[in-house]
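*Asks:* So that you have it, the file is data-v2.pdb, and it contains PDB, C-alpha atoms:
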```pdb
ATOM      1  CA  ARG A   1      10.020 -22.383  13.847  1.00  0.00           C
ATOM      2  CA  GLY A   2       9.274 -22.596  17.574  1.00  0.00           C
ATOM      3  CA  ILE A   3      12.685 -21.192  18.499  1.00  0.00           C
ATOM      4  CA  GLY A   4      12.123 -18.120  16.307  1.00  0.00           C
ATOM      5  CA  ARG A   5       8.832 -17.320  18.025  1.00  0.00           C
ATOM      6  CA  ASN A   6      10.641 -16.884  21.330  1.00  0.00           C
ATOM      7  CA  GLN A   7      13.147 -14.482  19.810  1.00  0.00           C
ATOM      8  CA  ILE A   8      10.883 -12.201  17.772  1.00  0.00           C
ATOM      9  CA  SER A   9      11.711  -9.056  19.756  1.00  0.00           C
ATOM     10  CA  LEU A  10      15.416  -9.740  19.270  1.00  0.00           C
ATOM     11  CA  LEU A  11      14.840 -10.167  15.545  1.00  0.00           C
ATOM     12  CA  GLY A  12      12.872  -6.904  15.452  1.00  0.00           C
ATOM     13  CA  GLU A  13      15.764  -4.996  16.995  1.00  0.00           C
ATOM     14  CA  ALA A  14      18.126  -6.307  14.316  1.00  0.00           C
ATOM     15  CA  LEU A  15      15.928  -4.795  11.589  1.00  0.00           C
ATOM     16  CA  HIS A  16      17.592  -1.420  12.215  1.00  0.00           C
ATOM     17  CA  ASP A  17      20.788  -2.682  10.614  1.00  0.00           C
ATOM     18  CA  GLU A  18      21.677  -1.067   7.274  1.00  0.00           C
ATOM     19  CA  ARG A  19      23.064  -4.247   5.690  1.00  0.00           C
ATOM     20  CA  TRP A  20      20.411  -5.426   3.264  1.00  0.00           C
ATOM     21  CA  HIS A  21      21.531  -9.076   3.094  1.00  0.00           C
ATOM     22  CA  PHE A  22      21.499  -9.388   6.893  1.00  0.00           C
ATOM     23  CA  VAL A  23      18.120  -7.706   7.363  1.00  0.00           C
ATOM     24  CA  ASN A  24      16.688  -9.634   4.405  1.00  0.00           C
ATOM     25  CA  GLY A  25      17.469 -12.877   6.234  1.00  0.00           C
ATOM     26  CA  ILE A  26      15.671 -11.629   9.330  1.00  0.00           C
ATOM     27  CA  ILE A  27      12.679 -10.522   7.264  1.00  0.00           C
ATOM     28  CA  ASN A  28      12.530 -14.004   5.713  1.00  0.00           C
ATOM     29  CA  ILE A  29      12.522 -15.561   9.179  1.00  0.00           C
ATOM     30  CA  LEU A  30       9.711 -13.237  10.291  1.00  0.00           C
ATOM     31  CA  SER A  31       7.815 -14.108   7.132  1.00  0.00           C
ATOM     32  CA  GLU A  32       8.015 -17.800   8.028  1.00  0.00           C
ATOM     33  CA  ILE A  33       6.887 -17.122  11.601  1.00  0.00           C
ATOM     34  CA  GLY A  34       3.993 -14.891  10.495  1.00  0.00           C
ATOM     35  CA  GLY A  35       1.275 -13.620  12.801  1.00  0.00           C
ATOM     36  CA  ASP A  36       0.882 -10.463  14.834  1.00  0.00           C
ATOM     37  CA  GLU A  37       4.216 -10.838  16.618  1.00  0.00           C
ATOM     38  CA  ALA A  38       6.109 -10.878  13.325  1.00  0.00           C
ATOM     39  CA  ILE A  39       4.097  -7.913  12.051  1.00  0.00           C
ATOM     40  CA  ALA A  40       4.911  -5.948  15.210  1.00  0.00           C
ATOM     41  CA  ALA A  41       8.606  -6.719  14.712  1.00  0.00           C
ATOM     42  CA  LEU A  42       8.441  -5.592  11.079  1.00  0.00           C
ATOM     43  CA  GLN A  43       7.237  -2.206  12.319  1.00  0.00           C
ATOM     44  CA  GLU A  44      10.854  -1.634  13.397  1.00  0.00           C
ATOM     45  CA  ALA A  45      12.002  -1.489   9.764  1.00  0.00           C
ATOM     46  CA  VAL A  46       9.534   1.137   8.539  1.00  0.00           C
ATOM     47  CA  ASP A  47      12.052   3.935   9.094  1.00  0.00           C
ATOM     48  CA  ASN A  48      15.042   2.051   7.705  1.00  0.00           C
ATOM     49  CA  ARG A  49      16.830   4.181   5.103  1.00  0.00           C
ATOM     50  CA  ASN A  50      17.554   1.268   2.770  1.00  0.00           C
ATOM     51  CA  VAL A  51      14.910   1.092   0.019  1.00  0.00           C
ATOM     52  CA  LYS A  52      15.491  -2.643  -0.549  1.00  0.00           C
ATOM     53  CA  ILE A  53      14.738  -3.337   3.109  1.00  0.00           C
ATOM     54  CA  LYS A  54      11.528  -1.296   2.921  1.00  0.00           C
ATOM     55  CA  GLN A  55      10.482  -3.211  -0.188  1.00  0.00           C
ATOM     56  CA  ASP A  56      11.162  -6.553   1.515  1.00  0.00           C
ATOM     57  CA  VAL A  57       9.127  -5.475   4.548  1.00  0.00           C
ATOM     58  CA  ILE A  58       6.221  -4.481   2.312  1.00  0.00           C
ATOM     59  CA  LYS A  59       6.275  -7.823   0.488  1.00  0.00           C
ATOM     60  CA  THR A  60       6.348  -9.700   3.790  1.00  0.00           C
ATOM     61  CA  LEU A  61       3.472  -7.671   5.236  1.00  0.00           C
ATOM     62  CA  VAL A  62       1.390  -8.449   2.159  1.00  0.00           C
ATOM     63  CA  GLN A  63       2.265 -12.139   2.460  1.00  0.00           C
ATOM     64  CA  ILE A  64       1.243 -12.238   6.137  1.00  0.00           C
ATOM     65  CA  GLY A  65      -1.850 -10.082   5.571  1.00  0.00           C
ATOM     66  CA  GLY A  66      -4.489  -8.864   7.988  1.00  0.00           C
ATOM     67  CA  ARG A  67      -5.490  -5.612   9.582  1.00  0.00           C
ATOM     68  CA  ARG A  68      -2.248  -5.020  11.485  1.00  0.00           C
ATOM     69  CA  ALA A  69      -0.244  -5.478   8.298  1.00  0.00           C
ATOM     70  CA  ALA A  70      -2.566  -2.981   6.582  1.00  0.00           C
ATOM     71  CA  ALA A  71      -1.935  -0.417   9.302  1.00  0.00           C
ATOM     72  CA  ILE A  72       1.835  -0.695   8.874  1.00  0.00           C
ATOM     73  CA  LEU A  73       1.618  -0.636   5.066  1.00  0.00           C
ATOM     74  CA  THR A  74      -0.129   2.724   5.198  1.00  0.00           C
ATOM     75  CA  GLN A  75       3.002   4.205   6.768  1.00  0.00           C
ATOM     76  CA  PHE A  76       4.801   3.607   3.468  1.00  0.00           C
ATOM     77  CA  PHE A  77       2.204   5.599   1.485  1.00  0.00           C
ATOM     78  CA  HIS A  78       4.081   8.827   2.158  1.00  0.00           C
ATOM     79  CA  SER A  79       7.566   7.533   1.399  1.00  0.00           C
ATOM     80  CA  ARG A  80       9.834   9.859  -0.544  1.00  0.00           C
ATOM     81  CA  ASP A  81      10.701   6.953  -2.820  1.00  0.00           C
ATOM     82  CA  GLU A  82       8.007   6.466  -5.461  1.00  0.00           C
ATOM     83  CA  ALA A  83       8.883   2.767  -5.915  1.00  0.00           C
ATOM     84  CA  VAL A  84       8.238   2.178  -2.201  1.00  0.00           C
ATOM     85  CA  GLN A  85       4.964   4.099  -2.400  1.00  0.00           C
ATOM     86  CA  LEU A  86       3.780   2.140  -5.419  1.00  0.00           C
ATOM     87  CA  LEU A  87       4.710  -1.214  -3.882  1.00  0.00           C
ATOM     88  CA  ALA A  88       2.956  -0.374  -0.614  1.00  0.00           C
ATOM     89  CA  ILE A  89      -0.208   0.807  -2.344  1.00  0.00           C
ATOM     90  CA  ARG A  90      -0.243  -2.162  -4.726  1.00  0.00           C
ATOM     91  CA  GLY A  91       0.344  -4.493  -1.792  1.00  0.00           C
ATOM     92  CA  PHE A  92      -2.467  -2.860   0.166  1.00  0.00           C
ATOM     93  CA  GLY A  93      -4.840  -3.765  -2.651  1.00  0.00           C
ATOM     94  CA  GLU A  94      -3.702  -7.401  -2.461  1.00  0.00           C
ATOM     95  CA  LEU A  95      -4.051  -7.812   1.313  1.00  0.00           C
ATOM     96  CA  LYS A  96      -6.222 -10.627   2.599  1.00  0.00           C
ATOM     97  CA  ASN A  97      -8.351 -10.507   5.738  1.00  0.00           C
ATOM     98  CA  ILE A  98      -8.982  -6.782   5.886  1.00  0.00           C
ATOM     99  CA  LYS A  99     -12.298  -4.966   6.078  1.00  0.00           C
ATOM    100  CA  THR A 100     -13.561  -2.084   3.977  1.00  0.00           C
ATOM    101  CA  GLU A 101     -13.004   0.357   6.870  1.00  0.00           C
ATOM    102  CA  ASP A 102      -9.300  -0.539   6.750  1.00  0.00           C
ATOM    103  CA  ALA A 103      -9.190   1.313   3.415  1.00  0.00           C
ATOM    104  CA  LYS A 104      -9.790   4.695   5.100  1.00  0.00           C
ATOM    105  CA  PRO A 105      -6.065   5.591   5.091  1.00  0.00           C
ATOM    106  CA  LEU A 106      -6.010   4.950   1.339  1.00  0.00           C
ATOM    107  CA  ILE A 107      -9.011   7.251   0.884  1.00  0.00           C
ATOM    108  CA  THR A 108      -7.311   9.922   2.997  1.00  0.00           C
ATOM    109  CA  PHE A 109      -4.151   9.490   0.946  1.00  0.00           C
ATOM    110  CA  LEU A 110      -6.062  10.017  -2.306  1.00  0.00           C
ATOM    111  CA  GLN A 111      -7.926  13.031  -0.965  1.00  0.00           C
ATOM    112  CA  GLY A 112      -4.684  14.732  -0.051  1.00  0.00           C
ATOM    113  CA  ARG A 113      -2.858  14.140  -3.354  1.00  0.00           C
ATOM    114  CA  SER A 114      -2.063  16.882  -5.777  1.00  0.00           C
ATOM    115  CA  LEU A 115      -3.238  16.173  -9.276  1.00  0.00           C
ATOM    116  CA  ASN A 116      -0.262  16.453 -11.587  1.00  0.00           C
ATOM    117  CA  LYS A 117       1.646  14.420 -14.129  1.00  0.00           C
ATOM    118  CA  LYS A 118       4.337  13.360 -11.625  1.00  0.00           C
ATOM    119  CA  ALA A 119       1.756  11.978  -9.180  1.00  0.00           C
ATOM    120  CA  LEU A 120      -0.161  10.074 -11.873  1.00  0.00           C
ATOM    121  CA  PRO A 121       1.381   6.571 -11.384  1.00  0.00           C
ATOM    122  CA  VAL A 122       0.772   6.679  -7.634  1.00  0.00           C
ATOM    123  CA  LEU A 123      -2.775   7.996  -8.103  1.00  0.00           C
ATOM    124  CA  LEU A 124      -3.607   5.270 -10.620  1.00  0.00           C
ATOM    125  CA  GLU A 125      -2.258   2.554  -8.314  1.00  0.00           C
ATOM    126  CA  ALA A 126      -4.160   3.963  -5.319  1.00  0.00           C
ATOM    127  CA  ILE A 127      -7.412   4.075  -7.288  1.00  0.00           C
ATOM    128  CA  LYS A 128      -6.903   0.473  -8.395  1.00  0.00           C
ATOM    129  CA  ALA A 129      -6.185  -0.637  -4.807  1.00  0.00           C
ATOM    130  CA  LEU A 130      -9.257   1.222  -3.582  1.00  0.00           C
ATOM    131  CA  GLY A 131     -11.371  -0.755  -6.022  1.00  0.00           C
ATOM    132  CA  LYS A 132     -10.128  -3.949  -4.355  1.00  0.00           C
ATOM    133  CA  THR A 133     -10.441  -2.848  -0.720  1.00  0.00           C
ATOM    134  CA  GLY A 134     -12.858   0.073  -0.423  1.00  0.00           C
ATOM    135  CA  GLY A 135     -16.483   0.370   0.608  1.00  0.00           C
ATOM    136  CA  LEU A 136     -19.172   3.064   0.381  1.00  0.00           C
ATOM    137  CA  SER A 137     -16.842   5.957   1.159  1.00  0.00           C
ATOM    138  CA  ALA A 138     -14.574   4.746  -1.644  1.00  0.00           C
ATOM    139  CA  ILE A 139     -17.480   4.907  -4.086  1.00  0.00           C
ATOM    140  CA  GLU A 140     -18.041   8.576  -3.251  1.00  0.00           C
ATOM    141  CA  LEU A 141     -14.380   9.438  -3.861  1.00  0.00           C
ATOM    142  CA  LEU A 142     -14.114   7.385  -7.039  1.00  0.00           C
ATOM    143  CA  ASN A 143     -17.225   9.075  -8.443  1.00  0.00           C
ATOM    144  CA  ILE A 144     -15.459  12.407  -8.012  1.00  0.00           C
ATOM    145  CA  TYR A 145     -12.487  11.110 -10.024  1.00  0.00           C
ATOM    146  CA  THR A 146     -14.787  10.064 -12.868  1.00  0.00           C
ATOM    147  CA  LYS A 147     -16.099  13.629 -13.234  1.00  0.00           C
ATOM    148  CA  PHE A 148     -13.145  15.872 -12.373  1.00  0.00           C
ATOM    149  CA  ARG A 149     -11.634  18.047 -15.079  1.00  0.00           C
ATOM    150  CA  TRP A 150      -8.371  19.623 -14.097  1.00  0.00           C
ATOM    151  CA  TRP A 151      -5.535  19.056 -16.555  1.00  0.00           C
ATOM    152  CA  LYS A 152      -5.125  20.538 -19.942  1.00  0.00           C
ATOM    153  CA  PRO A 153      -3.577  17.318 -21.287  1.00  0.00           C
ATOM    154  CA  TRP A 154      -6.698  15.220 -21.772  1.00  0.00           C
ATOM    155  CA  ARG A 155      -4.732  11.952 -21.735  1.00  0.00           C
ATOM    156  CA  TYR A 156      -3.881  12.165 -17.984  1.00  0.00           C
ATOM    157  CA  GLN A 157      -7.412  13.074 -17.063  1.00  0.00           C
ATOM    158  CA  LYS A 158      -8.761  10.207 -19.169  1.00  0.00           C
ATOM    159  CA  GLU A 159      -6.368   7.727 -17.503  1.00  0.00           C
ATOM    160  CA  LEU A 160      -7.649   8.715 -14.052  1.00  0.00           C
ATOM    161  CA  GLN A 161     -11.273   8.621 -15.150  1.00  0.00           C
ATOM    162  CA  THR A 162     -10.808   5.172 -16.688  1.00  0.00           C
ATOM    163  CA  ALA A 163      -9.038   3.883 -13.565  1.00  0.00           C
ATOM    164  CA  ALA A 164     -11.813   5.260 -11.347  1.00  0.00           C
ATOM    165  CA  GLN A 165     -14.511   3.681 -13.540  1.00  0.00           C
ATOM    166  CA  SER A 166     -12.706   0.316 -13.412  1.00  0.00           C
ATOM    167  CA  ALA A 167     -12.369   0.575  -9.624  1.00  0.00           C
ATOM    168  CA  LEU A 168     -16.075   1.395  -9.307  1.00  0.00           C
ATOM    169  CA  ALA A 169     -16.929  -1.627 -11.449  1.00  0.00           C
ATOM    170  CA  GLU A 170     -14.727  -3.789  -9.200  1.00  0.00           C
ATOM    171  CA  LEU A 171     -16.462  -2.436  -6.082  1.00  0.00           C
ATOM    172  CA  GLN A 172     -19.870  -3.159  -7.614  1.00  0.00           C
ATOM    173  CA  ARG A 173     -18.770  -6.689  -8.507  1.00  0.00           C
ATOM    174  CA  ARG A 174     -17.514  -7.269  -4.960  1.00  0.00           C
ATOM    175  CA  LYS A 175     -20.746  -5.890  -3.548  1.00  0.00           C
ATOM    176  CA  ARG A 176     -22.832  -8.297  -5.672  1.00  0.00           C
ATOM    177  CA  ASN A 177     -20.693 -11.259  -4.668  1.00  0.00           C
ATOM    178  CA  GLY A 178     -20.957 -10.376  -0.980  1.00  0.00           C
TER     179      GLY A 178
END
```
Could you write out this file's structure as structure tokens?
*Replies:*
Amino acid sequence: RGIGRNQISLLGEALHDERWHFVNGIINILSEIGGDEAIAALQEAVDNRNVKIKQDVIKTLVQIGGRRAAAILTQFFHSRDEAVQLLAIRGFGELKNIKTEDAKPLITFLQGRSLNKKALPVLLEAIKALGKTGGLSAIELLNIYTKFRWWKPWRYQKELQTAAQSALAELQRRKRNG
């Protein structure tokens, strides 16, 4: 473990490799090391083209947790791959040791989303994550989702309204519990 700490920058450089099995081993090492140095090294893999590598980075960031991990996770919110987006947003909702203001990128992400059938899974996941991480500004946005009427198919609208109501209930529960 101590040897790896001295070589974190070297490990970070190797994250640009396209071979999943090789990079996966490095990600596992960084996961074991943990801390801000490992998170900074994981930043190197955000632009990797391999979806499996991105997914492994997301899982490791969630495992390490904290505000710096949250900041890097938000970079995956706009991935072209929906599976990467969903994993990053879901992981964001599971992060430990973050503050409600760290949820601002998630709020911005939701505000900029188009409301259509294709975007529905990502929207639902983002609303759920916001219920776990958001604060007062999240309440304002979620209240909008409970009242919006935009789609002719009632089912999609109802799913978003229900998700927003559940997220609001979660925020209220968190607020009561301190």
*Asks:* Between A:Gly35, A:Arg174, A:Phe76, A:Ile27, which has the minimum distance to Thr60 (chain A) (counting only C-alpha atoms)?
*Replies:*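 The answer is A:Ile27, which sits nearest to Thr60 (chain A).
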*Asks:* For Lys54 (chain A), which of A:Gln165, A:Asn24, A:Leu30, A:Arg67 is the closest residue, counting only C-alpha atoms?
*Replies:*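 The answer is A:Asn24, which sits nearest to Lys54 (chain A).
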*Asks:* Pick the closest to Ala169 (chain A) from A:Asn143, A:Gln157, A:Asn116, A:Ser31: which is it, counting all atoms listed in the file?
*Replies:*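 Of A:Asn143, A:Gln157, A:Asn116, A:Ser31, the one nearest Ala169 (chain A), counting all atoms listed in the file, is A:Asn143.
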*Asks:* What does the PyMOL selection byres ((chain A and resi 20) around 12) select in this file, as a PyMOL selection string?
*Replies:* chain A and resi 14-19+21-28+45+48-57
*Asks:* Please evaluate the PyMOL selection byres ((chain A and resi 37) around 12) against the displayed coordinates and give the resulting residues as a VMD selection string.
*Replies:* chain A and resid 4 to 12 30 to 36 38 to 44 61 64 68 to 69
*Asks:* Between A:Lys175, A:Arg113, A:Lys96, A:Arg155, which has the minimum distance to Ile139 (chain A) (counting only C-alpha atoms)?
*Replies:*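 Closest residue, counting only C-alpha atoms: A:Lys175.
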*Asks:* Run the PyMOL selection byres ((chain A and resi 171) around 12) mentally over the shown coordinates, then write out the matched residues as a PDB file with C-alpha atoms, in the coordinates of the input, using the chain letters and numbers from the document.
*Replies:*
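Listed below is the output, out_31.pdb:
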```
ATOM      1  CA  THR A 100     -13.561  -2.084   3.977  1.00  0.00           C
ATOM      2  CA  ILE A 127      -7.412   4.075  -7.288  1.00  0.00           C
ATOM      3  CA  LYS A 128      -6.903   0.473  -8.395  1.00  0.00           C
ATOM      4  CA  ALA A 129      -6.185  -0.637  -4.807  1.00  0.00           C
ATOM      5  CA  LEU A 130      -9.257   1.222  -3.582  1.00  0.00           C
ATOM      6  CA  GLY A 131     -11.371  -0.755  -6.022  1.00  0.00           C
ATOM      7  CA  LYS A 132     -10.128  -3.949  -4.355  1.00  0.00           C
ATOM      8  CA  THR A 133     -10.441  -2.848  -0.720  1.00  0.00           C
ATOM      9  CA  GLY A 134     -12.858   0.073  -0.423  1.00  0.00           C
ATOM     10  CA  GLY A 135     -16.483   0.370   0.608  1.00  0.00           C
ATOM     11  CA  LEU A 136     -19.172   3.064   0.381  1.00  0.00           C
ATOM     12  CA  SER A 137     -16.842   5.957   1.159  1.00  0.00           C
ATOM     13  CA  ALA A 138     -14.574   4.746  -1.644  1.00  0.00           C
ATOM     14  CA  ILE A 139     -17.480   4.907  -4.086  1.00  0.00           C
ATOM     15  CA  GLU A 140     -18.041   8.576  -3.251  1.00  0.00           C
ATOM     16  CA  LEU A 142     -14.114   7.385  -7.039  1.00  0.00           C
ATOM     17  CA  ASN A 143     -17.225   9.075  -8.443  1.00  0.00           C
ATOM     18  CA  ALA A 164     -11.813   5.260 -11.347  1.00  0.00           C
ATOM     19  CA  GLN A 165     -14.511   3.681 -13.540  1.00  0.00           C
ATOM     20  CA  SER A 166     -12.706   0.316 -13.412  1.00  0.00           C
ATOM     21  CA  ALA A 167     -12.369   0.575  -9.624  1.00  0.00           C
ATOM     22  CA  LEU A 168     -16.075   1.395  -9.307  1.00  0.00           C
ATOM     23  CA  ALA A 169     -16.929  -1.627 -11.449  1.00  0.00           C
ATOM     24  CA  GLU A 170     -14.727  -3.789  -9.200  1.00  0.00           C
ATOM     25  CA  GLN A 172     -19.870  -3.159  -7.614  1.00  0.00           C
ATOM     26  CA  ARG A 173     -18.770  -6.689  -8.507  1.00  0.00           C
ATOM     27  CA  ARG A 174     -17.514  -7.269  -4.960  1.00  0.00           C
ATOM     28  CA  LYS A 175     -20.746  -5.890  -3.548  1.00  0.00           C
ATOM     29  CA  ARG A 176     -22.832  -8.297  -5.672  1.00  0.00           C
ATOM     30  CA  ASN A 177     -20.693 -11.259  -4.668  1.00  0.00           C
ATOM     31  CA  GLY A 178     -20.957 -10.376  -0.980  1.00  0.00           C
TER      32      GLY A 178
END
```
*Asks:* So which residues touch Phe77 (chain A) within 8 Å, counting all atoms listed in the file, skipping near sequence neighbours fewer than 4 positions away, as a list in words?
*Replies:*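 In the requested format, the answer is Leu73, Val84, Gln85, Leu86, Ala88, Ile89 and Phe109 of chain A.
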*Asks:* Can you tell me how far CA of Thr74 (chain A) sits from CA of Leu115 (chain A), in Å to one decimal?
*Replies:*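 Calculated distance between CA of Thr74 (chain A) and CA of Leu115 (chain A) is 20.0 Å.
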*Asks:* State, in Å with one decimal place, the distance from CA of Ala70 (chain A) to CA of Val122 (chain A).
*Replies:*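 Result for CA of Ala70 (chain A) versus CA of Val122 (chain A): 17.5 Å, one decimal.
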*Asks:* Restricting the calculation to all atoms listed in the file, which member of A:Ala103, A:Leu110, A:Leu95, A:Leu160 is positioned closest to Leu124 (chain A)?
*Replies:*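 So, comparing all the options, the nearest one is A:Leu160.
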*Asks:* Grab the CA of Tyr156 (chain A) to CA of Leu106 (chain A) distance for me, in Å with one decimal place.
*Replies:*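 Pair CA of Tyr156 (chain A) / CA of Leu106 (chain A) returns 20.7 Å.
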*Asks:* So, with all atoms listed in the file as the atoms that count, which of A:Pro105, A:Ile58, A:Asp47, A:Ala163 lies closest to Arg90 (chain A)?
*Replies:* A:Ile58
